[in-house]
$ cat work_33.cif   # mmCIF, C-alpha atoms
data_model
#
loop_
_atom_site.group_PDB
_atom_site.id
_atom_site.type_symbol
_atom_site.label_atom_id
_atom_site.label_comp_id
_atom_site.auth_asym_id
_atom_site.auth_seq_id
_atom_site.Cartn_x
_atom_site.Cartn_y
_atom_site.Cartn_z
ATOM 1 C CA MET A 1 12.777 121.183 -92.684
ATOM 2 C CA MET A 2 11.211 121.705 -96.090
ATOM 3 C CA ILE A 3 10.760 118.742 -98.402
ATOM 4 C CA ASN A 4 11.523 119.074 -102.101
ATOM 5 C CA THR A 5 11.571 116.646 -105.003
ATOM 6 C CA ASP A 6 15.322 117.097 -105.511
ATOM 7 C CA LYS A 7 16.126 115.210 -102.319
ATOM 8 C CA THR A 8 16.775 111.494 -102.613
ATOM 9 C CA PHE A 9 15.335 110.577 -99.233
ATOM 10 C CA CYS A 10 13.186 112.197 -96.553
ATOM 11 C CA THR A 11 12.754 110.439 -93.265
ATOM 12 C CA TYR A 12 9.402 109.453 -91.857
ATOM 13 C CA GLU A 13 9.855 112.178 -89.231
ATOM 14 C CA ASN A 14 10.449 114.788 -91.965
ATOM 15 C CA ILE A 15 7.191 113.875 -93.670
ATOM 16 C CA TYR A 16 5.155 113.671 -90.460
ATOM 17 C CA TYR A 17 6.250 117.040 -89.080
ATOM 18 C CA GLU A 18 6.019 118.775 -92.433
ATOM 19 C CA MET A 19 2.390 117.673 -92.723
ATOM 20 C CA TRP A 20 1.721 118.889 -89.191
ATOM 21 C CA GLU A 21 3.339 122.254 -89.974
ATOM 22 C CA ILE A 22 1.368 122.687 -93.208
ATOM 23 C CA ALA A 23 -1.927 122.151 -91.368
ATOM 24 C CA GLY A 24 -0.791 124.537 -88.630
ATOM 25 C CA ARG A 25 0.055 127.274 -91.114
ATOM 26 C CA TYR A 26 -3.005 126.917 -93.352
ATOM 27 C CA THR A 27 -5.611 126.451 -90.645
ATOM 28 C CA GLU A 28 -8.371 127.954 -92.777
ATOM 29 C CA ILE A 29 -8.043 125.302 -95.453
ATOM 30 C CA ALA A 30 -6.046 122.352 -93.983
ATOM 31 C CA GLN A 31 -6.667 119.854 -91.214
ATOM 32 C CA PHE A 32 -4.128 117.389 -89.780
ATOM 33 C CA GLN A 33 -5.198 113.996 -88.470
ATOM 34 C CA VAL A 34 -3.474 110.835 -87.260
ATOM 35 C CA ILE A 35 -5.533 108.022 -88.782
ATOM 36 C CA GLY A 36 -3.803 105.182 -86.945
ATOM 37 C CA LYS A 37 -0.491 103.637 -85.921
ATOM 38 C CA SER A 38 1.765 101.084 -87.542
ATOM 39 C CA HIS A 39 2.630 97.863 -85.734
ATOM 40 C CA ASP A 40 5.949 99.444 -84.731
ATOM 41 C CA ASP A 41 4.014 102.350 -83.191
ATOM 42 C CA ARG A 42 4.634 104.987 -85.894
ATOM 43 C CA MET A 43 1.727 107.361 -86.420
ATOM 44 C CA ILE A 44 0.135 107.512 -89.878
ATOM 45 C CA PRO A 45 -0.597 111.145 -90.798
ATOM 46 C CA MET A 46 -3.245 112.565 -93.114
ATOM 47 C CA VAL A 47 -3.866 116.153 -94.184
ATOM 48 C CA GLN A 48 -7.262 117.134 -95.537
ATOM 49 C CA ILE A 49 -7.519 120.353 -97.512
ATOM 50 C CA GLY A 50 -10.690 122.052 -98.681
ATOM 51 C CA LYS A 51 -14.062 123.181 -97.357
ATOM 52 C CA GLY A 52 -16.458 121.171 -99.501
ATOM 53 C CA ALA A 53 -18.815 118.415 -98.440
ATOM 54 C CA GLU A 54 -17.353 115.737 -100.728
ATOM 55 C CA THR A 55 -13.890 114.202 -100.715
ATOM 56 C CA ILE A 56 -11.354 112.475 -102.927
ATOM 57 C CA PHE A 57 -8.378 110.525 -101.580
ATOM 58 C CA CYS A 58 -4.740 110.573 -102.698
ATOM 59 C CA ILE A 59 -2.595 107.844 -101.152
ATOM 60 C CA ALA A 60 0.947 106.492 -101.574
ATOM 61 C CA GLY A 61 3.663 104.684 -99.674
ATOM 62 C CA LEU A 62 2.053 101.254 -99.322
ATOM 63 C CA SER A 63 5.291 99.494 -100.246
ATOM 64 C CA GLY A 64 8.534 99.988 -98.390
ATOM 65 C CA ARG A 65 10.258 100.568 -101.722
ATOM 66 C CA ASP A 66 8.006 103.529 -102.589
ATOM 67 C CA GLN A 67 10.564 106.147 -101.618
ATOM 68 C CA CYS A 68 9.839 108.943 -104.094
ATOM 69 C CA MET A 69 6.044 108.894 -104.333
ATOM 70 C CA PRO A 70 5.436 110.036 -100.723
ATOM 71 C CA VAL A 71 7.718 112.999 -101.456
ATOM 72 C CA TYR A 72 5.791 113.754 -104.653
ATOM 73 C CA LEU A 73 2.488 113.779 -102.744
ATOM 74 C CA MET A 74 3.988 116.025 -100.089
ATOM 75 C CA HIS A 75 5.148 118.440 -102.767
ATOM 76 C CA MET A 76 1.680 118.266 -104.349
ATOM 77 C CA LEU A 77 0.052 119.132 -101.014
ATOM 78 C CA LYS A 78 2.356 122.108 -100.515
ATOM 79 C CA GLU A 79 1.819 123.313 -104.060
ATOM 80 C CA TYR A 80 -1.976 123.231 -103.667
ATOM 81 C CA VAL A 81 -2.119 125.137 -100.364
ATOM 82 C CA LYS A 82 0.400 127.691 -101.615
ATOM 83 C CA ALA A 83 -1.656 128.283 -104.769
ATOM 84 C CA TRP A 84 -4.758 128.656 -102.596
ATOM 85 C CA GLU A 85 -3.024 131.166 -100.312
ATOM 86 C CA CYS A 86 -1.611 133.243 -103.184
ATOM 87 C CA ARG A 87 -4.719 132.944 -105.370
ATOM 88 C CA TRP A 88 -2.644 131.440 -108.171
ATOM 89 C CA LYS A 89 -4.063 129.284 -110.943
ATOM 90 C CA LEU A 90 -1.907 126.189 -111.313
ATOM 91 C CA GLU A 91 -0.910 125.679 -114.946
ATOM 92 C CA ASN A 92 -2.979 128.831 -115.598
ATOM 93 C CA LEU A 93 -6.060 126.645 -115.356
ATOM 94 C CA TYR A 94 -6.818 125.239 -111.895
ATOM 95 C CA ASP A 95 -8.318 127.777 -109.500
ATOM 96 C CA LEU A 96 -7.651 126.263 -106.062
ATOM 97 C CA ARG A 97 -9.806 128.887 -104.361
ATOM 98 C CA ALA A 98 -12.844 127.682 -106.306
ATOM 99 C CA LEU A 99 -12.045 123.950 -106.249
ATOM 100 C CA LEU A 100 -11.318 123.769 -102.522
ATOM 101 C CA GLU A 101 -14.483 125.683 -101.742
ATOM 102 C CA ASP A 102 -16.510 122.807 -103.206
ATOM 103 C CA TRP A 103 -14.262 119.806 -102.494
ATOM 104 C CA LYS A 104 -11.890 118.235 -100.013
ATOM 105 C CA ILE A 105 -8.707 116.358 -100.922
ATOM 106 C CA CYS A 106 -7.281 113.919 -98.379
ATOM 107 C CA PHE A 107 -3.538 113.293 -98.679
ATOM 108 C CA ILE A 108 -2.111 110.126 -97.114
ATOM 109 C CA PRO A 109 1.411 110.051 -98.558
ATOM 110 C CA LEU A 110 2.848 107.335 -96.312
ATOM 111 C CA LEU A 111 0.594 104.462 -95.273
ATOM 112 C CA ASN A 112 3.497 102.117 -94.480
ATOM 113 C CA PRO A 113 5.976 104.143 -92.381
ATOM 114 C CA ASP A 114 7.717 101.033 -91.022
ATOM 115 C CA GLY A 115 8.545 99.696 -94.472
ATOM 116 C CA TYR A 116 9.598 103.164 -95.592
ATOM 117 C CA GLU A 117 12.127 103.427 -92.757
ATOM 118 C CA ILE A 118 13.406 99.880 -93.312
ATOM 119 C CA TYR A 119 14.414 100.757 -96.880
ATOM 120 C CA GLU A 120 16.808 103.473 -95.730
ATOM 121 C CA LYS A 121 17.852 102.308 -92.248
ATOM 122 C CA ASP A 122 17.783 98.496 -92.563
ATOM 123 C CA PHE A 123 15.722 96.283 -90.246
ATOM 124 C CA TYR A 124 17.285 97.978 -87.219
ATOM 125 C CA ALA A 125 14.707 100.741 -87.826
ATOM 126 C CA ILE A 126 12.130 98.365 -86.280
ATOM 127 C CA ARG A 127 12.093 98.877 -82.522
ATOM 128 C CA ASN A 128 10.053 95.779 -81.657
ATOM 129 C CA PRO A 129 12.719 93.036 -81.213
ATOM 130 C CA ILE A 130 10.329 90.209 -82.137
ATOM 131 C CA TYR A 131 9.272 91.827 -85.408
ATOM 132 C CA ARG A 132 12.861 92.828 -86.182
ATOM 133 C CA GLN A 133 14.200 89.308 -85.720
ATOM 134 C CA MET A 134 11.304 87.829 -87.690
ATOM 135 C CA LEU A 135 12.061 90.100 -90.642
ATOM 136 C CA ARG A 136 15.793 89.411 -90.557
ATOM 137 C CA MET A 137 15.140 85.664 -90.630
ATOM 138 C CA GLN A 138 13.370 86.062 -93.978
ATOM 139 C CA GLU A 139 16.718 87.014 -95.513
ATOM 140 C CA ILE A 140 15.207 89.615 -97.836
ATOM 141 C CA PRO A 141 17.493 92.605 -98.512
ATOM 142 C CA CYS A 142 16.049 95.783 -97.006
ATOM 143 C CA LYS A 143 16.205 97.508 -100.420
ATOM 144 C CA GLU A 144 13.859 94.828 -101.799
ATOM 145 C CA PHE A 145 11.494 94.695 -98.827
ATOM 146 C CA ILE A 146 7.925 95.752 -99.692
ATOM 147 C CA CYS A 147 5.982 94.766 -96.552
ATOM 148 C CA ASN A 148 5.215 96.300 -93.168
ATOM 149 C CA SER A 149 6.997 95.487 -89.892
ATOM 150 C CA ARG A 150 5.083 92.196 -89.559
ATOM 151 C CA GLY A 151 6.112 91.074 -93.044
ATOM 152 C CA VAL A 152 2.656 91.593 -94.592
ATOM 153 C CA ASN A 153 2.198 93.124 -98.037
ATOM 154 C CA LEU A 154 -0.378 95.877 -97.490
ATOM 155 C CA ARG A 155 -1.351 95.892 -101.164
ATOM 156 C CA LYS A 156 -2.820 92.404 -100.665
ATOM 157 C CA ASN A 157 -4.373 92.865 -97.217
ATOM 158 C CA PHE A 158 -7.694 94.592 -97.921
ATOM 159 C CA PRO A 159 -10.980 92.660 -97.587
ATOM 160 C CA THR A 160 -12.066 92.572 -101.213
ATOM 161 C CA GLN A 161 -14.768 90.244 -102.471
ATOM 162 C CA TYR A 162 -12.242 87.891 -104.085
ATOM 163 C CA TYR A 163 -9.558 88.106 -101.406
ATOM 164 C CA ARG A 164 -7.328 85.032 -101.238
ATOM 165 C CA ARG A 165 -5.067 84.022 -98.400
ATOM 166 C CA LYS A 166 -1.345 83.954 -99.162
ATOM 167 C CA GLN A 167 -0.457 82.326 -95.836
ATOM 168 C CA ILE A 168 -2.274 79.891 -93.554
ATOM 169 C CA HIS A 169 -2.970 82.368 -90.763
ATOM 170 C CA SER A 170 -3.379 85.482 -92.918
ATOM 171 C CA GLN A 171 -6.664 87.348 -92.736
ATOM 172 C CA PRO A 172 -7.937 90.404 -94.639
ATOM 173 C CA ALA A 173 -7.537 93.707 -92.803
ATOM 174 C CA SER A 174 -5.255 92.044 -90.258
ATOM 175 C CA GLU A 175 -2.814 94.969 -90.225
ATOM 176 C CA ASN A 176 -3.053 98.257 -88.354
ATOM 177 C CA GLU A 177 -2.256 100.228 -91.495
ATOM 178 C CA THR A 178 -5.035 98.507 -93.452
ATOM 179 C CA LYS A 179 -7.548 99.104 -90.653
ATOM 180 C CA ALA A 180 -6.603 102.773 -90.533
ATOM 181 C CA LEU A 181 -7.312 103.316 -94.227
ATOM 182 C CA VAL A 182 -10.516 101.258 -94.138
ATOM 183 C CA LYS A 183 -11.761 103.400 -91.247
ATOM 184 C CA VAL A 184 -11.052 106.590 -93.220
ATOM 185 C CA PHE A 185 -13.044 105.239 -96.164
ATOM 186 C CA GLN A 186 -15.906 104.204 -93.878
ATOM 187 C CA GLU A 187 -16.108 107.603 -92.202
ATOM 188 C CA ASN A 188 -16.183 109.425 -95.536
ATOM 189 C CA ALA A 189 -16.760 107.314 -98.627
ATOM 190 C CA GLY A 190 -15.868 110.222 -100.877
ATOM 191 C CA ARG A 191 -16.075 110.456 -104.646
ATOM 192 C CA GLY A 192 -12.863 108.786 -105.760
ATOM 193 C CA LEU A 193 -9.477 107.294 -104.925
ATOM 194 C CA LEU A 194 -6.161 108.039 -106.627
ATOM 195 C CA SER A 195 -3.428 105.667 -105.488
ATOM 196 C CA PHE A 196 0.117 106.493 -106.614
ATOM 197 C CA GLY A 197 2.835 103.875 -106.992
ATOM 198 C CA TYR A 198 5.420 102.214 -109.196
ATOM 199 C CA SER A 199 5.280 99.659 -111.988
ATOM 200 C CA GLU A 200 4.831 100.712 -115.580
ATOM 201 C CA ARG A 201 3.862 104.097 -116.932
ATOM 202 C CA GLN A 202 0.133 103.501 -116.828
ATOM 203 C CA ILE A 203 -3.190 104.464 -115.329
ATOM 204 C CA VAL A 204 -5.185 101.528 -114.003
ATOM 205 C CA TYR A 205 -8.892 101.734 -113.249
ATOM 206 C CA PHE A 206 -10.698 99.181 -111.116
ATOM 207 C CA ARG A 207 -14.045 97.731 -112.131
ATOM 208 C CA GLN A 208 -17.017 97.105 -109.892
ATOM 209 C CA SER A 209 -19.114 93.963 -110.092
ATOM 210 C CA GLN A 210 -22.643 94.304 -111.501
ATOM 211 C CA SER A 211 -22.326 98.012 -112.219
ATOM 212 C CA PHE A 212 -22.033 98.744 -115.940
ATOM 213 C CA ALA A 213 -22.725 102.479 -115.606
ATOM 214 C CA ALA A 214 -20.108 102.930 -112.866
ATOM 215 C CA ASN A 215 -17.524 101.004 -114.885
ATOM 216 C CA GLN A 216 -18.191 103.145 -117.939
ATOM 217 C CA LYS A 217 -17.719 106.253 -115.826
ATOM 218 C CA SER A 218 -14.424 104.900 -114.476
ATOM 219 C CA TYR A 219 -13.260 104.131 -118.004
ATOM 220 C CA ARG A 220 -14.157 107.618 -119.188
ATOM 221 C CA LEU A 221 -12.345 109.249 -116.280
ATOM 222 C CA ALA A 222 -9.308 106.997 -116.751
ATOM 223 C CA ARG A 223 -9.110 107.979 -120.424
ATOM 224 C CA HIS A 224 -9.273 111.624 -119.430
ATOM 225 C CA LEU A 225 -6.498 111.242 -116.844
ATOM 226 C CA GLN A 226 -4.428 109.339 -119.386
ATOM 227 C CA LYS A 227 -4.663 112.202 -121.855
ATOM 228 C CA GLN A 228 -3.888 114.750 -119.162
ATOM 229 C CA ALA A 229 -0.791 112.888 -117.941
ATOM 230 C CA GLY A 230 0.535 112.647 -121.493
ATOM 231 C CA LEU A 231 -0.585 116.089 -122.584
ATOM 232 C CA ASN A 232 2.741 117.259 -123.996
ATOM 233 C CA ALA A 233 4.210 115.556 -127.028
ATOM 234 C CA ASP A 234 7.592 115.032 -125.356
ATOM 235 C CA LYS A 235 6.085 112.999 -122.491
ATOM 236 C CA ALA A 236 6.073 109.231 -122.636
ATOM 237 C CA LYS A 237 2.517 108.036 -123.133
ATOM 238 C CA TYR A 238 0.686 106.552 -120.172
ATOM 239 C CA HIS A 239 -0.965 103.237 -120.965
ATOM 240 C CA LEU A 240 -4.516 102.519 -119.887
ATOM 241 C CA ASP A 241 -5.286 99.293 -118.068
ATOM 242 C CA ASP A 242 -8.184 97.878 -116.102
ATOM 243 C CA VAL A 243 -8.715 95.319 -113.354
ATOM 244 C CA GLU A 244 -11.808 93.146 -113.234
ATOM 245 C CA PRO A 245 -13.366 92.424 -109.812
ATOM 246 C CA THR A 246 -12.178 88.822 -110.178
ATOM 247 C CA GLY A 247 -8.803 89.864 -111.609
ATOM 248 C CA LYS A 248 -5.711 88.557 -109.863
ATOM 249 C CA ARG A 249 -4.132 91.999 -109.456
ATOM 250 C CA GLY A 250 -7.211 93.214 -107.603
ATOM 251 C CA TYR A 251 -6.977 90.612 -104.834
ATOM 252 C CA GLY A 252 -6.758 92.452 -101.553
ATOM 253 C CA SER A 253 -5.799 95.816 -103.056
ATOM 254 C CA PRO A 254 -7.020 99.119 -101.558
ATOM 255 C CA GLU A 255 -8.219 100.262 -104.986
ATOM 256 C CA GLN A 256 -10.411 97.196 -105.503
ATOM 257 C CA PHE A 257 -11.722 97.465 -101.947
ATOM 258 C CA TYR A 258 -12.669 101.111 -102.490
ATOM 259 C CA ALA A 259 -14.388 100.352 -105.816
ATOM 260 C CA GLU A 260 -16.388 97.497 -104.265
ATOM 261 C CA ILE A 261 -17.347 99.032 -100.924
ATOM 262 C CA CYS A 262 -17.655 102.731 -101.729
ATOM 263 C CA ARG A 263 -18.978 102.212 -105.273
ATOM 264 C CA GLN A 264 -16.834 105.078 -106.534
ATOM 265 C CA PRO A 265 -14.057 105.270 -109.141
ATOM 266 C CA ALA A 266 -10.646 104.031 -108.027
ATOM 267 C CA PHE A 267 -7.427 104.514 -109.974
ATOM 268 C CA ARG A 268 -3.800 103.570 -109.609
ATOM 269 C CA ILE A 269 -1.338 105.935 -111.247
ATOM 270 C CA GLU A 270 1.934 104.125 -111.875
ATOM 271 C CA ILE A 271 5.323 105.375 -113.011
ATOM 272 C CA PRO A 272 8.504 103.377 -113.730
ATOM 273 C CA ARG A 273 10.876 102.874 -110.839
ATOM 274 C CA ARG A 274 13.975 104.999 -111.351
ATOM 275 C CA SER A 275 17.072 104.148 -109.347
ATOM 276 C CA ARG A 276 20.752 104.994 -109.138
ATOM 277 C CA GLY A 277 22.456 101.944 -107.720
ATOM 278 C CA ASN A 278 20.357 100.988 -104.687
ATOM 279 C CA GLU A 279 18.823 104.435 -104.245
ATOM 280 C CA MET A 280 15.550 105.751 -105.598
ATOM 281 C CA VAL A 281 15.983 108.897 -107.656
ATOM 282 C CA PRO A 282 13.248 111.566 -107.750
ATOM 283 C CA ASP A 283 12.553 113.005 -111.181
ATOM 284 C CA PRO A 284 10.994 116.498 -111.381
ATOM 285 C CA ALA A 285 9.729 115.686 -114.885
ATOM 286 C CA GLU A 286 7.716 112.754 -113.550
ATOM 287 C CA TYR A 287 6.277 114.935 -110.830
ATOM 288 C CA GLU A 288 5.165 117.440 -113.462
ATOM 289 C CA GLU A 289 3.275 114.676 -115.263
ATOM 290 C CA ILE A 290 1.162 113.725 -112.252
ATOM 291 C CA HIS A 291 0.932 116.793 -110.005
ATOM 292 C CA THR A 292 -2.366 118.107 -111.397
ATOM 293 C CA LEU A 293 -4.155 114.754 -111.812
ATOM 294 C CA PRO A 294 -6.263 115.144 -108.623
ATOM 295 C CA LEU A 295 -7.379 118.583 -109.783
ATOM 296 C CA GLU A 296 -8.174 117.310 -113.261
ATOM 297 C CA TYR A 297 -10.187 114.506 -111.706
ATOM 298 C CA LEU A 298 -12.267 117.044 -109.756
ATOM 299 C CA PHE A 299 -12.733 119.069 -112.935
ATOM 300 C CA SER A 300 -14.127 115.974 -114.648
ATOM 301 C CA LEU A 301 -16.746 114.935 -112.080
#

$ encode --input "work_33.cif" --output "structure tokens"
Amino acid sequence: MMINTDKTFCTYENIYYEMWEIAGRYTEIAQFQVIGKSHDDRMIPMVQIGKGAETIFCIAGLSGRDQCMPVYLMHMLKEYVKAWECRWKLENLYDLRALLEDWKICFIPLLNPDGYEIYEKDFYAIRNPIYRQMLRMQEIPCKEFICNSRGVNLRKNFPTQYYRRKQIHSQPASENETKALVKVFQENAGRGLLSFGYSERQIVYFRQSQSFAANQKSYRLARHLQKQAGLNADKAKYHLDDVEPTGKRGYGSPEQFYAEICRQPAFRIEIPRRSRGNEMVPDPAEYEEIHTLPLEYLFSL
């Protein structure tokens, strides 16, 4: 079953098997890997494309409400491998044959599969009866639920320098999904992280402590991505924002963790949340704004 950005919802199974099929078809350039399992025993897939020695990461789907961004990253993955196969230049500029000879891009479009399924199928999507009952007792509507199957917000669960507990028994990297991503970063630190999500139309870069040169580089790259995302006059301008190491928004986030531990640029690309009633609505125009940002980032290194 092929995924496209015109569909309102793709199940976790759709995304998982599509990634597996892409890697199976493009064996020369793509590699499929299960990086871990959620607490409700759903596998977390990753596809790595490219032959180079250095890597950048593209991740999405940390919140259960992030319904469109995993689909956008899937479409991005398919577009890149298709351009590589056909020797096309995306936007008449990006030569995937050349870029993927020197680099690798790791796509992790759905880090929180349990939360993703809860949004569409209610809490009955959780098979573990203890977790399911625990979540139902919180009395949070499934369309507003942002956490994983244990009720933990993954965007605040990474062991950053200024991590702060939100609950008495909470610990950094307590969740399977967090551990899976941390392990990926540890095995290959890479040269950058692009995290896609929802909030405002902005590009956020994350600062490192005691590293003026690295922060200047991150600022320069963020400015470049900002200009690229708003290249056409009819596109709404992306705002530029930054997060200090001690900044509240950086507490426990994967972007701040990556900036601190890997000492490489980390960015969060955010778009406004579009919805029709209770359903998320994909927008092809928004996809067009962001679909070449990983390639532009590689161009700029």

$ atom_distance --input "work_33.cif" --atom1 "CA of Tyr124 in chain A" --atom2 "CA of Gln33 in chain A"
27.6 Å

$ resolve_selection --input "work_33.cif" --expression "the PyMOL selection byres ((chain A and resi 184-187) around 9)" --output "MDAnalysis selection string"
chainID A and resid 35 57 179:183 188:190 258 261:262

$ closest_atom_pairs --input "work_33.cif" --of "range 72-189 of chain A" --to "range 206-223 of chain A" --cutoff "12 Å" --atoms "all atoms listed in the file" --output "CSV"
residue,atom,partner,partner_atom,distance
A:Thr160,CA,A:Gln208,CA,11.0
A:Gln161,CA,A:Ser209,CA,9.5
A:Tyr162,CA,A:Ser209,CA,11.0

$ residues_around --input "work_33.cif" --residues "range 151-154 of chain A" --least-positions-apart "4" --cutoff "9 Å" --atoms "only C-alpha atoms" --output "ChimeraX atom specification"
/A:62-63,111-112,131,134-135,138,145-147,158,170,173,175,177-178,252-254

$ closest_residue --input "work_33.cif" --among "A:Tyr251, A:Tyr297, A:Phe107, A:Tyr26" --to "Ala266 in chain A" --atoms "all atoms listed in the file"
A:Tyr297

$ residues_near_point --input "work_33.cif" --point "(-5.5, 113.6, -88.3)" --cutoff "8 Å" --atoms "only C-alpha atoms" --output "JSON, numbers by chain"
{"A": [31, 32, 33, 34, 35, 45, 46, 47]}

$ closest_atom_pairs --input "work_33.cif" --of "range 24-113 of chain A" --to "range 12-15 of chain A" --cutoff "9 Å" --atoms "all atoms listed in the file" --output "tab-separated table"
residue	atom	partner	partner_atom	distance
A:Arg42	CA	A:Tyr12	CA	8.8
A:Pro45	CA	A:Ile15	CA	8.7
A:Pro70	CA	A:Ile15	CA	8.2
A:Val71	CA	A:Ile15	CA	7.9
A:Met74	CA	A:Ile15	CA	7.5
A:Pro109	CA	A:Ile15	CA	8.5
A:Leu110	CA	A:Tyr12	CA	8.2
A:Pro113	CA	A:Tyr12	CA	6.3

$ atom_distance --input "work_33.cif" --atom1 "CA of Leu301 in chain A" --atom2 "CA of Arg97 in chain A"
17.4 Å

$ axis_aligned_box --input "work_33.cif" --around "range 19-22 of chain A" --padding-each-side "6 Å" --output "lines of an AutoDock Vina configuration file"
center_x = 2.4
center_y = 120.2
center_z = -91.2
size_x = 14.0
size_y = 17.0
size_z = 16.0

$ atom_distance --input "work_33.cif" --atom1 "CA of Leu100 in chain A" --atom2 "CA of Ile22 in chain A"
15.8 Å

$ resolve_selection --input "work_33.cif" --expression "the PyMOL selection byres ((chain A and resi 85) around 12)" --output "VMD selection string"
chain A and resid 22 25 to 30 78 to 84 86 to 89 95 to 97 100

$ closest_residue --input "work_33.cif" --among "A:Leu193, A:Ala285, A:Ala229, A:Leu93" --to "Phe257 in chain A" --atoms "all atoms listed in the file"
A:Leu193

$ resolve_selection --input "work_33.cif" --expression "the PyMOL selection byres ((chain A and resi 141) around 12)" --output "PDB file with C-alpha atoms, in the frame of the given file"
ATOM      1  CA  GLY A  64       8.534  99.988 -98.390  1.00  0.00           C
ATOM      2  CA  ARG A  65      10.258 100.568-101.722  1.00  0.00           C
ATOM      3  CA  ILE A 118      13.406  99.880 -93.312  1.00  0.00           C
ATOM      4  CA  TYR A 119      14.414 100.757 -96.880  1.00  0.00           C
ATOM      5  CA  GLU A 120      16.808 103.473 -95.730  1.00  0.00           C
ATOM      6  CA  LYS A 121      17.852 102.308 -92.248  1.00  0.00           C
ATOM      7  CA  ASP A 122      17.783  98.496 -92.563  1.00  0.00           C
ATOM      8  CA  PHE A 123      15.722  96.283 -90.246  1.00  0.00           C
ATOM      9  CA  LEU A 135      12.061  90.100 -90.642  1.00  0.00           C
ATOM     10  CA  ARG A 136      15.793  89.411 -90.557  1.00  0.00           C
ATOM     11  CA  MET A 137      15.140  85.664 -90.630  1.00  0.00           C
ATOM     12  CA  GLN A 138      13.370  86.062 -93.978  1.00  0.00           C
ATOM     13  CA  GLU A 139      16.718  87.014 -95.513  1.00  0.00           C
ATOM     14  CA  ILE A 140      15.207  89.615 -97.836  1.00  0.00           C
ATOM     15  CA  CYS A 142      16.049  95.783 -97.006  1.00  0.00           C
ATOM     16  CA  LYS A 143      16.205  97.508-100.420  1.00  0.00           C
ATOM     17  CA  GLU A 144      13.859  94.828-101.799  1.00  0.00           C
ATOM     18  CA  PHE A 145      11.494  94.695 -98.827  1.00  0.00           C
ATOM     19  CA  ILE A 146       7.925  95.752 -99.692  1.00  0.00           C
ATOM     20  CA  CYS A 147       5.982  94.766 -96.552  1.00  0.00           C
ATOM     21  CA  ASN A 278      20.357 100.988-104.687  1.00  0.00           C
TER      22      ASN A 278
END

$ residues_around --input "work_33.cif" --residues "Arg273 in chain A" --least-positions-apart "3" --cutoff "10 Å" --atoms "all atoms listed in the file" --output "ChimeraX atom specification"
/A:65-68,197-201,270,280-282

$ residues_around --input "work_33.cif" --residues "Tyr72 in chain A" --least-positions-apart "4" --cutoff "10 Å" --atoms "only C-alpha atoms" --output "mmCIF file with C-alpha atoms, in the frame of the given file"
data_model
loop_
_atom_site.group_PDB
_atom_site.id
_atom_site.type_symbol
_atom_site.label_atom_id
_atom_site.label_comp_id
_atom_site.auth_asym_id
_atom_site.auth_seq_id
_atom_site.Cartn_x
_atom_site.Cartn_y
_atom_site.Cartn_z
ATOM 1 C CA ILE A 3 10.760 118.742 -98.402
ATOM 2 C CA ASN A 4 11.523 119.074 -102.101
ATOM 3 C CA THR A 5 11.571 116.646 -105.003
ATOM 4 C CA ALA A 60 0.947 106.492 -101.574
ATOM 5 C CA GLN A 67 10.564 106.147 -101.618
ATOM 6 C CA CYS A 68 9.839 108.943 -104.094
ATOM 7 C CA MET A 76 1.680 118.266 -104.349
ATOM 8 C CA LEU A 77 0.052 119.132 -101.014
ATOM 9 C CA LYS A 78 2.356 122.108 -100.515
ATOM 10 C CA PRO A 109 1.411 110.051 -98.558
ATOM 11 C CA PHE A 196 0.117 106.493 -106.614
ATOM 12 C CA PRO A 282 13.248 111.566 -107.750
ATOM 13 C CA ASP A 283 12.553 113.005 -111.181
ATOM 14 C CA PRO A 284 10.994 116.498 -111.381
ATOM 15 C CA GLU A 286 7.716 112.754 -113.550
ATOM 16 C CA TYR A 287 6.277 114.935 -110.830
ATOM 17 C CA GLU A 288 5.165 117.440 -113.462
ATOM 18 C CA ILE A 290 1.162 113.725 -112.252
ATOM 19 C CA HIS A 291 0.932 116.793 -110.005
#

$ closest_residue --input "work_33.cif" --among "A:Ile108, A:Leu225, A:Ile59, A:Leu293" --to "Met43 in chain A" --atoms "only C-alpha atoms"
A:Ile108

$ closest_residue --input "work_33.cif" --among "A:Ser300, A:Gln202, A:Ser195, A:Asn148" --to "Phe267 in chain A" --atoms "only C-alpha atoms"
A:Ser195

$ closest_residue --input "work_33.cif" --among "A:Lys248, A:Ile271, A:Asn176, A:Arg263" --to "Gly36 in chain A" --atoms "all atoms listed in the file"
A:Asn176
